[in-house]
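Reproduced below: protein-v7.cif, with mmCIF, C-alpha atoms.
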data_work
#
loop_
_atom_site.label_atom_id
_atom_site.label_comp_id
_atom_site.auth_asym_id
_atom_site.auth_seq_id
_atom_site.Cartn_x
_atom_site.Cartn_y
_atom_site.Cartn_z
CA MET A 1 137.24 -29.24 -5.72
CA GLY A 2 134.18 -31.39 -6.39
CA THR A 3 132.12 -28.33 -7.27
CA GLY A 4 134.96 -27.04 -9.41
CA VAL A 5 135.18 -30.28 -11.40
CA MET A 6 131.42 -30.31 -11.99
CA ILE A 7 131.01 -26.75 -13.13
CA GLY A 8 134.12 -26.85 -15.26
CA ALA A 9 132.69 -29.68 -17.36
CA GLY A 10 128.95 -29.32 -17.08
CA ILE A 11 128.19 -25.80 -18.13
CA PHE A 12 130.76 -24.97 -20.76
CA ALA A 13 131.19 -28.36 -22.38
CA LEU A 14 127.73 -29.91 -22.26
CA THR A 15 124.98 -27.26 -22.41
CA GLY A 16 124.86 -27.28 -26.22
CA GLN A 17 124.85 -31.06 -26.49
CA ILE A 18 122.05 -31.37 -23.91
CA ALA A 19 119.95 -28.77 -25.78
CA GLU A 20 120.52 -30.59 -29.07
CA LEU A 21 118.85 -33.71 -27.64
CA ALA A 22 116.29 -32.21 -25.25
CA GLY A 23 115.05 -29.29 -27.34
CA PRO A 24 113.24 -26.40 -25.57
CA LEU A 25 112.94 -28.50 -22.41
CA PHE A 26 116.71 -28.74 -21.96
CA PRO A 27 116.76 -26.89 -18.58
CA LEU A 28 114.59 -29.72 -17.22
CA SER A 29 117.27 -32.18 -18.28
CA PHE A 30 119.56 -30.62 -15.67
CA VAL A 31 116.81 -30.99 -13.05
CA LEU A 32 116.28 -34.67 -13.87
CA GLY A 33 120.05 -35.15 -13.94
CA ALA A 34 120.28 -33.66 -10.46
CA LEU A 35 117.53 -35.99 -9.20
CA VAL A 36 119.23 -39.08 -10.64
CA THR A 37 122.57 -37.88 -9.26
CA SER A 38 121.02 -37.38 -5.82
CA LEU A 39 119.75 -40.96 -5.91
CA ALA A 40 123.22 -42.09 -6.95
CA ALA A 41 124.86 -40.03 -4.21
CA TYR A 42 122.97 -42.06 -1.59
CA SER A 43 125.27 -45.09 -1.99
CA TYR A 44 128.42 -42.97 -1.91
CA ILE A 45 127.26 -41.03 1.15
CA LYS A 46 126.27 -44.16 3.08
CA MET A 47 129.59 -45.83 2.29
CA SER A 48 131.63 -42.72 3.08
CA ASN A 49 129.79 -42.27 6.37
CA ALA A 50 130.56 -45.88 7.31
CA TRP A 51 134.17 -46.01 6.08
CA PRO A 52 135.53 -42.53 5.33
CA SER A 53 138.88 -42.77 3.57
CA SER A 54 140.96 -41.35 0.77
CA GLY A 55 140.04 -44.42 -1.27
CA GLY A 56 136.78 -43.01 -2.57
CA ILE A 57 135.11 -45.14 -5.23
CA ALA A 58 137.84 -47.77 -5.22
CA MET A 59 137.26 -48.29 -1.49
CA ILE A 60 133.51 -48.61 -2.04
CA LEU A 61 133.95 -51.15 -4.82
CA GLN A 62 136.50 -53.18 -2.89
CA LYS A 63 134.25 -53.31 0.15
CA ALA A 64 131.38 -54.47 -2.06
CA TYR A 65 133.11 -56.96 -4.34
CA GLY A 66 136.48 -57.75 -2.79
CA PRO A 67 139.84 -56.93 -4.45
CA GLY A 68 139.01 -58.74 -7.68
CA VAL A 69 138.02 -58.19 -11.30
CA VAL A 70 134.75 -56.31 -10.76
CA ALA A 71 136.16 -53.85 -8.23
CA ALA A 72 139.32 -53.24 -10.24
CA SER A 73 137.52 -52.92 -13.59
CA ALA A 74 134.79 -50.61 -12.30
CA SER A 75 137.38 -48.44 -10.54
CA LEU A 76 139.35 -48.22 -13.76
CA LEU A 77 136.21 -47.26 -15.69
CA MET A 78 135.68 -44.41 -13.24
CA ALA A 79 139.29 -43.29 -13.61
CA LEU A 80 138.97 -43.42 -17.40
CA SER A 81 135.74 -41.41 -17.33
CA MET A 82 137.57 -38.76 -15.29
CA VAL A 83 140.47 -38.72 -17.74
CA ILE A 84 137.91 -38.36 -20.54
CA ASN A 85 136.42 -35.45 -18.60
CA GLU A 86 139.83 -33.77 -18.59
CA SER A 87 140.12 -33.99 -22.38
CA LEU A 88 136.51 -32.81 -22.74
CA VAL A 89 137.10 -29.72 -20.63
CA ALA A 90 140.49 -29.08 -22.24
CA ARG A 91 138.91 -28.94 -25.69
CA THR A 92 136.17 -26.68 -24.31
CA PHE A 93 138.89 -24.36 -22.98
CA ALA A 94 140.49 -24.26 -26.42
CA THR A 95 137.15 -23.59 -28.14
CA TYR A 96 136.35 -20.61 -25.90
CA ALA A 97 139.90 -19.26 -26.10
CA LEU A 98 139.80 -19.30 -29.91
CA ARG A 99 136.23 -18.04 -30.27
CA PRO A 100 137.08 -14.28 -30.13
CA PHE A 101 139.39 -14.78 -33.11
CA GLY A 102 136.96 -16.90 -35.13
CA LEU A 103 139.38 -19.83 -35.05
CA GLU A 104 137.29 -22.29 -33.04
CA GLU A 105 136.92 -24.55 -36.10
CA ASN A 106 140.68 -24.88 -36.58
CA SER A 107 141.28 -28.46 -35.40
CA LEU A 108 145.06 -28.06 -35.21
CA LEU A 109 144.87 -25.02 -32.93
CA LEU A 110 142.11 -26.65 -30.87
CA SER A 111 144.23 -29.73 -30.25
CA ALA A 112 147.35 -27.69 -29.50
CA LEU A 113 145.62 -25.44 -26.94
CA ALA A 114 143.83 -28.37 -25.30
CA LEU A 115 147.13 -30.21 -24.99
CA GLY A 116 148.77 -27.08 -23.60
CA LEU A 117 146.16 -26.81 -20.82
CA ILE A 118 146.65 -30.45 -19.85
CA VAL A 119 150.41 -29.91 -19.63
CA PHE A 120 149.81 -26.81 -17.48
CA ALA A 121 147.58 -28.89 -15.19
CA TYR A 122 150.44 -31.37 -14.85
CA ILE A 123 152.85 -28.59 -13.84
CA VAL A 124 150.46 -27.26 -11.17
CA ASN A 125 149.85 -30.75 -9.79
CA LYS A 126 153.54 -31.49 -9.78
CA ALA A 127 154.02 -28.43 -7.57
CA GLY A 128 152.12 -30.16 -4.74
CA ASN A 129 148.73 -30.60 -3.09
CA ARG A 130 148.59 -27.13 -1.55
CA SER A 131 148.98 -25.52 -4.95
CA VAL A 132 146.04 -27.53 -6.29
CA SER A 133 143.83 -26.91 -3.25
CA GLY A 134 144.44 -23.18 -3.08
CA PHE A 135 144.05 -22.68 -6.83
CA SER A 136 140.83 -24.71 -6.89
CA LEU A 137 139.30 -22.77 -4.00
CA VAL A 138 139.96 -19.36 -5.53
CA MET A 139 138.94 -20.35 -9.05
CA SER A 140 135.73 -22.09 -7.91
CA ALA A 141 134.62 -18.95 -6.11
CA ILE A 142 135.42 -16.78 -9.14
CA LYS A 143 133.69 -18.96 -11.69
CA ILE A 144 130.55 -19.69 -9.64
CA GLY A 145 130.11 -15.98 -8.94
CA GLY A 146 130.94 -15.02 -12.51
CA ILE A 147 128.64 -17.58 -14.09
CA ALA A 148 125.75 -16.61 -11.81
CA LEU A 149 126.31 -12.92 -12.62
CA PHE A 150 126.33 -13.63 -16.37
CA ALA A 151 123.17 -15.73 -16.15
CA LEU A 152 121.19 -13.22 -14.10
CA ALA A 153 122.21 -10.34 -16.37
CA ALA A 154 121.34 -12.31 -19.52
CA ILE A 155 117.94 -13.33 -18.13
CA ALA A 156 117.20 -9.74 -17.09
CA ALA A 157 118.10 -8.52 -20.58
CA SER A 158 116.00 -11.04 -22.51
CA GLY A 159 113.27 -12.30 -20.21
CA PHE A 160 111.99 -15.86 -19.90
CA PHE A 161 109.83 -16.24 -22.99
CA SER A 162 112.12 -15.60 -25.96
CA GLY A 163 114.66 -17.68 -27.85
CA ALA A 164 114.31 -21.44 -27.35
CA PHE A 165 111.49 -20.96 -24.86
CA ALA A 166 109.31 -19.40 -27.53
CA GLN A 167 109.55 -22.59 -29.60
CA GLN A 168 107.13 -25.50 -29.57
CA VAL A 169 107.78 -28.07 -26.84
CA SER A 170 106.52 -30.71 -29.30
CA GLN A 171 109.97 -30.52 -30.91
CA THR A 172 111.28 -32.58 -27.98
CA ASN A 173 111.44 -36.34 -28.47
CA GLY A 174 110.92 -38.39 -25.29
CA GLY A 175 113.75 -40.83 -25.98
CA ALA A 176 116.16 -38.07 -26.94
CA PHE A 177 115.22 -36.14 -23.79
CA LEU A 178 116.05 -39.16 -21.62
CA ALA A 179 119.31 -39.57 -23.55
CA SER A 180 120.19 -35.94 -22.80
CA VAL A 181 120.04 -36.76 -19.10
CA ALA A 182 123.13 -38.94 -19.59
CA PHE A 183 125.06 -35.75 -20.39
CA SER A 184 123.41 -33.96 -17.45
CA ILE A 185 124.51 -36.75 -15.12
CA LEU A 186 128.01 -36.44 -16.55
CA ALA A 187 127.86 -32.75 -15.64
CA PHE A 188 127.25 -33.69 -11.99
CA LYS A 189 129.60 -36.64 -11.63
CA GLY A 190 132.38 -34.51 -10.17
CA PHE A 191 130.75 -35.03 -6.77
CA THR A 192 132.40 -38.46 -6.66
CA THR A 193 135.81 -36.81 -6.20
CA ILE A 194 134.60 -35.66 -2.76
CA THR A 195 134.51 -39.29 -1.60
CA ASN A 196 138.32 -39.22 -1.81
CA SER A 197 138.45 -36.64 1.00
CA GLY A 198 137.62 -38.90 3.93
CA GLY A 199 141.23 -38.95 5.04
CA GLU A 200 141.53 -35.16 5.27
CA ILE A 201 138.11 -33.62 5.91
CA VAL A 202 137.04 -32.72 9.46
CA ASP A 203 134.46 -35.13 10.98
CA PRO A 204 134.29 -37.22 7.76
CA HIS A 205 131.50 -39.54 9.00
CA ARG A 206 129.21 -36.51 8.82
CA ASN A 207 130.82 -33.96 6.54
CA VAL A 208 131.61 -35.98 3.40
CA GLY A 209 127.89 -36.57 2.83
CA ARG A 210 126.97 -32.99 3.63
CA THR A 211 129.64 -31.72 1.26
CA ILE A 212 128.35 -33.91 -1.56
CA MET A 213 124.76 -32.66 -1.21
CA ILE A 214 125.82 -29.00 -0.87
CA SER A 215 127.97 -29.34 -3.97
CA ILE A 216 125.14 -30.88 -6.01
CA ALA A 217 122.77 -28.13 -4.83
CA ILE A 218 125.20 -25.36 -5.82
CA CYS A 219 125.63 -26.92 -9.24
CA VAL A 220 121.96 -27.48 -10.04
CA VAL A 221 121.15 -23.83 -9.22
CA THR A 222 124.08 -22.65 -11.35
CA TYR A 223 123.17 -24.97 -14.23
CA LEU A 224 119.54 -23.88 -14.23
CA LEU A 225 120.48 -20.20 -14.27
CA VAL A 226 122.79 -20.72 -17.23
CA ALA A 227 120.34 -22.95 -19.11
CA VAL A 228 117.61 -20.32 -18.80
CA ALA A 229 120.05 -17.57 -19.81
CA VAL A 230 121.18 -19.47 -22.92
CA GLY A 231 117.66 -20.61 -23.83
CA SER A 232 116.18 -17.12 -23.53
CA ASN A 233 118.77 -15.64 -25.90
CA LEU A 234 119.22 -18.34 -28.54
CA THR A 235 116.91 -20.68 -30.44
CA ILE A 236 117.60 -24.40 -30.31
CA ASP A 237 119.12 -24.28 -33.80
CA GLN A 238 121.44 -21.48 -32.72
CA ILE A 239 122.44 -23.37 -29.57
CA VAL A 240 123.18 -26.49 -31.64
CA GLU A 241 125.20 -24.48 -34.15
CA ALA A 242 127.26 -23.00 -31.31
CA ARG A 243 127.07 -26.03 -29.02
CA ASP A 244 130.78 -26.00 -28.18
CA TYR A 245 130.66 -22.34 -27.09
CA SER A 246 126.96 -21.76 -26.38
CA LEU A 247 127.49 -19.45 -23.37
CA ALA A 248 129.65 -17.08 -25.39
CA ALA A 249 127.11 -17.15 -28.22
CA ALA A 250 124.29 -16.30 -25.81
CA ALA A 251 126.23 -13.50 -24.12
CA ARG A 252 126.67 -11.33 -27.21
CA PRO A 253 122.98 -10.65 -28.07
CA ALA A 254 122.04 -10.26 -24.40
CA LEU A 255 124.96 -8.26 -23.03
CA GLY A 256 126.95 -7.05 -26.02
CA GLU A 257 130.71 -7.21 -26.44
CA LEU A 258 131.44 -6.70 -22.75
CA GLY A 259 129.24 -9.66 -21.82
CA PHE A 260 130.83 -11.75 -24.55
CA TRP A 261 134.37 -11.12 -23.28
CA PHE A 262 133.29 -11.58 -19.68
CA THR A 263 131.92 -15.03 -20.57
CA ILE A 264 135.10 -15.95 -22.42
CA VAL A 265 137.25 -15.05 -19.41
CA ILE A 266 135.02 -16.97 -16.99
CA ALA A 267 134.99 -20.00 -19.31
CA ILE A 268 138.78 -20.04 -19.51
CA ALA A 269 139.06 -19.75 -15.71
CA ALA A 270 136.44 -22.46 -15.12
CA THR A 271 137.85 -24.98 -17.55
CA THR A 272 141.43 -24.40 -16.36
CA SER A 273 140.57 -25.04 -12.72
CA GLY A 274 138.38 -28.00 -13.68
CA VAL A 275 141.22 -29.76 -15.51
CA ILE A 276 143.67 -29.11 -12.67
CA ALA A 277 141.30 -30.51 -10.04
CA SER A 278 140.45 -33.52 -12.21
CA VAL A 279 144.11 -34.39 -12.86
CA PHE A 280 144.69 -34.27 -9.11
CA ALA A 281 141.78 -36.62 -8.38
CA VAL A 282 142.54 -39.11 -11.17
CA SER A 283 146.25 -39.41 -10.42
CA ARG A 284 145.44 -39.95 -6.77
CA MET A 285 142.90 -42.66 -7.57
CA LEU A 286 145.22 -44.46 -9.98
CA THR A 287 148.01 -44.31 -7.41
CA MET A 288 145.81 -45.98 -4.85
CA LEU A 289 144.71 -48.69 -7.30
CA THR A 290 148.36 -49.36 -8.11
CA GLU A 291 149.33 -49.60 -4.45
CA MET A 292 146.40 -51.99 -3.90
CA LYS A 293 147.80 -54.17 -6.73
CA MET A 294 144.53 -53.83 -8.64
CA ILE A 295 146.13 -52.45 -11.83
CA PRO A 296 149.55 -53.09 -13.38
CA HIS A 297 152.30 -50.52 -13.18
CA SER A 298 155.54 -49.78 -14.99
CA HIS A 299 157.77 -46.77 -14.40
CA PHE A 300 159.18 -46.87 -17.97
CA GLY A 301 162.50 -45.62 -16.65
CA MET A 302 160.99 -42.54 -14.94
CA LYS A 303 162.26 -41.43 -11.56
CA GLY A 304 160.10 -40.62 -8.56
CA GLY A 305 157.20 -42.38 -6.85
CA ILE A 306 154.02 -43.94 -8.18
CA ARG A 307 152.04 -40.71 -7.80
CA SER A 308 154.42 -38.81 -10.07
CA HIS A 309 154.22 -41.60 -12.65
CA MET A 310 150.43 -41.57 -12.52
CA LEU A 311 150.41 -37.83 -13.14
CA VAL A 312 152.35 -38.46 -16.34
CA TYR A 313 150.10 -41.32 -17.46
CA THR A 314 146.98 -39.28 -16.73
CA VAL A 315 148.03 -36.29 -18.80
CA VAL A 316 149.33 -38.48 -21.65
CA ILE A 317 145.99 -40.32 -21.98
CA ALA A 318 143.95 -37.13 -21.58
CA GLY A 319 146.12 -35.32 -24.10
CA THR A 320 145.77 -38.14 -26.62
CA LEU A 321 141.98 -38.14 -26.31
CA ALA A 322 141.86 -34.35 -26.61
CA VAL A 323 143.76 -34.54 -29.89
CA LEU A 324 141.91 -37.50 -31.42
CA PHE A 325 138.23 -36.93 -30.52
CA ASP A 326 135.75 -34.06 -30.80
CA LEU A 327 133.66 -32.84 -27.85
CA SER A 328 130.58 -34.88 -28.65
CA ARG A 329 132.39 -38.20 -28.84
CA ILE A 330 134.51 -37.50 -25.77
CA ALA A 331 131.40 -36.70 -23.74
CA SER A 332 129.54 -39.78 -25.03
CA LEU A 333 132.40 -42.10 -24.12
CA GLY A 334 132.59 -40.61 -20.64
CA ALA A 335 128.83 -41.02 -20.14
CA PHE A 336 128.92 -44.72 -21.07
CA PHE A 337 131.84 -45.45 -18.73
CA TYR A 338 130.36 -43.54 -15.82
CA LEU A 339 126.87 -45.03 -16.01
CA VAL A 340 128.19 -48.60 -16.15
CA MET A 341 130.47 -47.94 -13.17
CA ASP A 342 127.66 -46.27 -11.23
CA ILE A 343 125.31 -49.22 -11.71
CA LEU A 344 128.04 -51.57 -10.43
CA VAL A 345 128.50 -49.42 -7.31
CA HIS A 346 124.79 -49.47 -6.45
CA TRP A 347 124.45 -53.18 -7.19
CA GLY A 348 127.44 -54.01 -4.99
CA VAL A 349 126.08 -51.97 -2.09
CA TYR A 350 122.59 -53.45 -2.54
CA ARG A 351 123.79 -57.03 -2.89
CA HIS A 352 126.39 -57.16 -0.10
CA LEU A 353 126.44 -54.14 2.20
CA ARG A 354 123.01 -52.55 2.53
CA GLU A 355 122.23 -54.08 5.93
CA GLU A 356 125.62 -53.24 7.42
CA ILE A 357 125.50 -49.58 6.44
CA GLY A 358 121.74 -49.16 6.95
CA ALA A 359 120.95 -48.33 3.32
CA ARG A 360 117.36 -48.43 2.10
CA THR A 361 116.69 -51.08 -0.52
CA SER A 362 114.14 -48.90 -2.33
CA VAL A 363 116.63 -46.07 -2.87
CA LEU A 364 119.37 -48.39 -4.12
CA LEU A 365 117.03 -50.13 -6.58
CA ALA A 366 115.66 -46.77 -7.74
CA ALA A 367 119.21 -45.58 -8.45
CA ILE A 368 119.98 -48.74 -10.45
CA ALA A 369 116.72 -48.42 -12.41
CA ALA A 370 117.29 -44.73 -13.16
CA ASP A 371 120.83 -45.34 -14.41
CA GLY A 372 119.65 -48.30 -16.47
CA VAL A 373 116.85 -46.37 -18.18
CA ILE A 374 119.15 -43.46 -19.00
CA LEU A 375 121.89 -45.80 -20.27
CA VAL A 376 119.50 -47.68 -22.58
CA ALA A 377 117.97 -44.44 -23.92
CA PHE A 378 121.39 -42.90 -24.49
CA ALA A 379 122.71 -46.01 -26.27
CA GLY A 380 119.61 -46.10 -28.47
CA VAL A 381 119.99 -42.48 -29.57
CA LYS A 382 123.72 -42.86 -30.16
CA LEU A 383 123.23 -46.04 -32.20
CA GLU A 384 121.16 -43.97 -34.62
CA SER A 385 123.38 -40.87 -34.69
CA ASP A 386 126.90 -42.22 -34.03
CA SER A 387 127.08 -46.01 -33.83
CA VAL A 388 130.89 -45.88 -33.95
CA ILE A 389 131.19 -44.34 -30.49
CA VAL A 390 128.80 -46.97 -29.09
CA GLY A 391 131.08 -49.63 -30.52
CA ILE A 392 134.18 -47.94 -29.12
CA ALA A 393 132.56 -47.73 -25.68
CA ALA A 394 131.44 -51.38 -25.71
CA VAL A 395 134.81 -52.67 -26.88
CA SER A 396 136.62 -50.49 -24.33
CA ILE A 397 134.48 -51.74 -21.42
CA VAL A 398 134.94 -55.38 -22.46
CA ALA A 399 138.68 -54.77 -22.86
CA VAL A 400 138.95 -53.27 -19.36
CA PHE A 401 137.25 -56.29 -17.79
CA GLY A 402 139.22 -58.73 -19.94
CA LEU A 403 142.62 -57.20 -19.25
CA GLU A 404 141.89 -56.91 -15.53
CA THR A 405 140.91 -60.59 -15.49
CA LEU A 406 144.22 -61.56 -17.10
CA PHE A 407 146.21 -59.32 -14.77
CA LEU A 408 144.56 -60.52 -11.57
CA GLN A 409 144.76 -64.17 -12.59
CA ARG A 410 148.52 -63.80 -12.91
CA LYS A 411 148.84 -61.89 -9.65
CA PRO A 412 149.24 -64.29 -6.72
CA SER A 413 147.45 -63.52 -3.49
CA PRO A 414 149.31 -63.66 -0.17
CA ASN A 415 148.61 -67.42 0.09
CA GLY A 416 150.04 -68.07 -3.36
CA ILE A 417 146.68 -68.64 -5.06
CA PRO A 418 145.79 -66.44 -8.06
CA GLN A 419 143.55 -63.50 -7.12
CA ARG A 420 139.84 -63.87 -7.80
CA ASP A 421 136.73 -61.95 -6.91
CA ALA A 422 135.89 -62.41 -3.25
CA ARG A 423 132.39 -61.36 -2.35
CA VAL A 424 132.44 -59.15 0.70
CA ASP A 425 130.38 -60.16 3.67
CA GLY A 426 129.70 -57.20 5.91
CA SER A 427 130.83 -59.27 8.87
CA SER A 428 134.17 -60.14 7.32
CA LYS A 429 136.58 -58.35 9.62
CA SER A 430 139.60 -59.78 7.86
CA HIS A 431 138.61 -58.13 4.58
CA GLU A 432 137.94 -54.81 6.27
CA SER A 433 141.32 -54.99 7.97
CA GLY A 434 143.05 -55.76 4.68
CA ALA A 435 141.30 -52.91 2.89
CA ASP A 436 142.19 -50.47 5.67
CA GLN A 437 145.85 -51.51 5.55
CA GLN A 438 145.91 -51.01 1.80
#

Represent the structure contained in this file as structure tokens.
Amino acid sequence: MGTGVMIGAGIFALTGQIAELAGPLFPLSFVLGALVTSLAAYSYIKMSNAWPSSGGIAMILQKAYGPGVVAASASLLMALSMVINESLVARTFATYALRPFGLEENSLLLSALALGLIVFAYIVNKAGNRSVSGFSLVMSAIKIGGIALFALAAIAASGFFSGAFAQQVSQTNGGAFLASVAFSILAFKGFTTITNSGGEIVDPHRNVGRTIMISIAICVVTYLLVAVAVGSNLTIDQIVEARDYSLAAAARPALGELGFWFTIVIAIAATTSGVIASVFAVSRMLTMLTEMKMIPHSHFGMKGGIRSHMLVYTVVIAGTLAVLFDLSRIASLGAFFYLVMDILVHWGVYRHLREEIGARTSVLLAAIAADGVILVAFAGVKLESDSVIVGIAAVSIVAVFGLETLFLQRKPSPNGIPQRDARVDGSSKSHESGADQQ
């Protein structure tokens, strides 16, 4: 499911936007994104090896910061970035589905199809966990094989030195290239959903980490193949012009009509499975945060348990974003949320837990530095090209922390005192016990 979430978003939704920023060097953006993601994965792997659970990121943050504002807010930022990912992939699905008919610029149809996919994902998730798991397994195998086949055929047809790769590398701006890595990291962030599998996976102390690294490796190979295939068939200007459907645009000159339709079918399959897997992961995470009393909850008159309510809330928010925002702004908002959350994870592990879990200080600081550099570069580029989305991201992050502060101040702890951040000492057995019970 982690691999399915990554490939569903990364290839079809983000290749064009990465090329727009990185120029002819855009395949290297995926490589750097994989390196930064591998650094980031270190904290998640170490924490999952020490305390495997179904809590995932929320568990990591609670262990690091205690059940207070920072843990709750950062967890919510991660959940929101995943919901944003759903709307991003849903609009990508709609773009590819409408491309054969030349209707990909019709905003009404785009919004309607994107919303329809999100509703379908709700129906599949409502059917139960086995439906999601089985569907994700089959679709991941189909889309990874199909994408690799497309890429190899396109490269064979065009070679390595045409299209974007025949253009001057001097077109690439250093700051814009670093900013493009923010999108590349977003393309890999699906690995974090694997941290939620500690309660189900066999031998989780060993296999959660292995699964994360295998998933990242599969994705970086797939991404590189596709990036080379697209870059060898289209110039940068052509990729930018077709950035929302760049794979389909690259398939036609390389492989003709058959290749074009093959890419469309694979894109629809990939984005569909990606949304379904993401809805599953987000609703599960929000359910856990609700049960831990870290976010407020209201059933609004709906029947059923918290999980069923969270499914509804997830698809409503994702559907709203899919209707209101275009692909570029959705992706930018998700990148801001994820990078801020990721920095907080590494800082929490470095500050409070590194000795207990045996984490190397140098790796943790390198991960924080890498995220920080990419975040600053991305914000700088976006301030010049789309300052509105930077403002929306900043206001949203402040609002999340502010609202969580108000909520947790009103929520009494078991001893009757309002809940505050409690820094976690690795030796605090009482906190560990409380987290495990939750």

Distance criterion (all atoms listed in the file): nearest to A:Ile11 out of A:Ser107, A:Ser184, A:Asn233, A:Gln168: A:Ser184

What residues come out when you apply the PyMOL selection byres ((chain A and resi 253-259) around 7) to this file, written as a list in words? Ala154, Ala157, Ser158, Asn233, Ala250, Ala251, Arg252, Phe260, Trp261, Phe262 and Thr263 of chain A

A:Gly16 environment, 9 Å, only C-alpha atoms, sequence neighbours closer than 3 positions dropped, as an MDAnalysis selection string: chainID A and resid 11:13 19:21 236 239:247

Non-local contacts of A:Asp326 (9 Å; all atoms listed in the file; under 5 positions in same chain excluded) as number ranges by chain: A: 88, 91, 321, 331

Those selected residues, please, written with C-alpha atoms and delivered as an mmCIF file, keeping the file's coordinate frame.
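Result went into selection-v7.cif, see below:
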data_model
loop_
_atom_site.group_PDB
_atom_site.id
_atom_site.type_symbol
_atom_site.label_atom_id
_atom_site.label_comp_id
_atom_site.auth_asym_id
_atom_site.auth_seq_id
_atom_site.Cartn_x
_atom_site.Cartn_y
_atom_site.Cartn_z
ATOM 1 C CA LEU A 88 136.510 -32.810 -22.740
ATOM 2 C CA ARG A 91 138.910 -28.940 -25.690
ATOM 3 C CA LEU A 321 141.980 -38.140 -26.310
ATOM 4 C CA ALA A 331 131.400 -36.700 -23.740
#

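Residues in contact range of stretch 26-31 of chain A, defined as at most 6 Å between all atoms listed in the file, with sequence neighbours fewer than 3 positions away removed, read Ala19, Ala22, Gly23, Ala34, Val181, Ser184, Leu224 and Ala227 of chain A.
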
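Across A:Leu108, A:Ala166, A:Met139, A:Ala176, the tightest approach to A:Leu324 is made by A:Leu108 when counting all atoms listed in the file.
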
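With the shown file loaded, the PyMOL selection byres ((chain A and resi 51) around 9) picks out Lys46, Met47, Ser48, Asn49, Ala50, Pro52, Ser53, Met59, Ile60, Gly198, Pro204 and His205 of chain A.
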
On this structure, which residues satisfy the PyMOL selection byres ((chain A and resi 372-379) around 8), written as a ChimeraX atom specification? /A:175-176,178-182,336,339,343,368-371,380-383,390

Counting only C-alpha atoms, the option among A:Ala71, A:Ala366, A:Ala90, A:Val228 closest to A:Val36: A:Ala366

Spatial neighbours of A:Ala229, max dist 6 Å, all atoms listed in the file, sep filter under 2 positions, as number ranges by chain: A: 151, 154-155, 226-227, 231-232

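For the set A:Ala141, A:Val323, A:Leu344, A:Val265, the residue with the smallest atom-to-atom gap to A:Thr3 is A:Ala141, counting all atoms listed in the file.
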
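Ranking A:Ser332, A:Thr405, A:Thr361, A:Ser38 by their shortest atom-to-atom distance to A:Pro296, with only C-alpha atoms included, puts A:Thr405 first.
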
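Nearest to A:Leu61 of all the residues A:Ser75, A:Phe337, A:Ser298, A:Val202 is A:Ser75, based on only C-alpha atoms.
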
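As for atom CA of A:Glu355 and atom CA of A:Asn196, they are spaced 23.2 Å apart.
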
Residues within 10 Å of A:Ala97, please, as a VMD selection string. Count all atoms listed in the file; anything in the same chain fewer than 2 positions from it doesn't count. chain A and resid 91 to 95 99 to 104 110 113 to 114 245 264 to 265 267 to 268

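Here atom CA of A:Ile306 and atom CA of A:Ser283 stand 9.3 Å from one another.
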
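Interatomic distance, atom CA of A:Tyr223 to atom CA of A:Val208: 22.4 Å.
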
Complete the atom set of stretch 72-81 of chain A to N, CA and C atoms and return it as a short mmCIF file (atom, residue, chain, number, x, y, z; two decimals), in the coordinates of the input.
data_model
loop_
_atom_site.label_atom_id
_atom_site.label_comp_id
_atom_site.auth_asym_id
_atom_site.auth_seq_id
_atom_site.Cartn_x
_atom_site.Cartn_y
_atom_site.Cartn_z
N ALA A 72 138.23 -53.86 -9.50
CA ALA A 72 139.32 -53.24 -10.24
C ALA A 72 138.84 -52.64 -11.56
N SER A 73 137.99 -53.38 -12.29
CA SER A 73 137.52 -52.92 -13.59
C SER A 73 136.62 -51.70 -13.46
N ALA A 74 135.69 -51.75 -12.49
CA ALA A 74 134.79 -50.61 -12.30
C ALA A 74 135.56 -49.37 -11.85
N SER A 75 136.55 -49.57 -10.98
CA SER A 75 137.38 -48.44 -10.54
C SER A 75 138.13 -47.84 -11.72
N LEU A 76 138.62 -48.71 -12.59
CA LEU A 76 139.35 -48.22 -13.76
C LEU A 76 138.42 -47.49 -14.72
N LEU A 77 137.18 -47.98 -14.85
CA LEU A 77 136.21 -47.26 -15.69
C LEU A 77 135.96 -45.86 -15.16
N MET A 78 135.87 -45.73 -13.82
CA MET A 78 135.68 -44.41 -13.24
C MET A 78 136.89 -43.52 -13.51
N ALA A 79 138.09 -44.07 -13.34
CA ALA A 79 139.29 -43.29 -13.61
C ALA A 79 139.34 -42.85 -15.07
N LEU A 80 138.97 -43.76 -15.98
CA LEU A 80 138.97 -43.42 -17.40
C LEU A 80 137.93 -42.35 -17.72
N SER A 81 136.76 -42.44 -17.08
CA SER A 81 135.74 -41.41 -17.33
C SER A 81 136.22 -40.04 -16.85
#
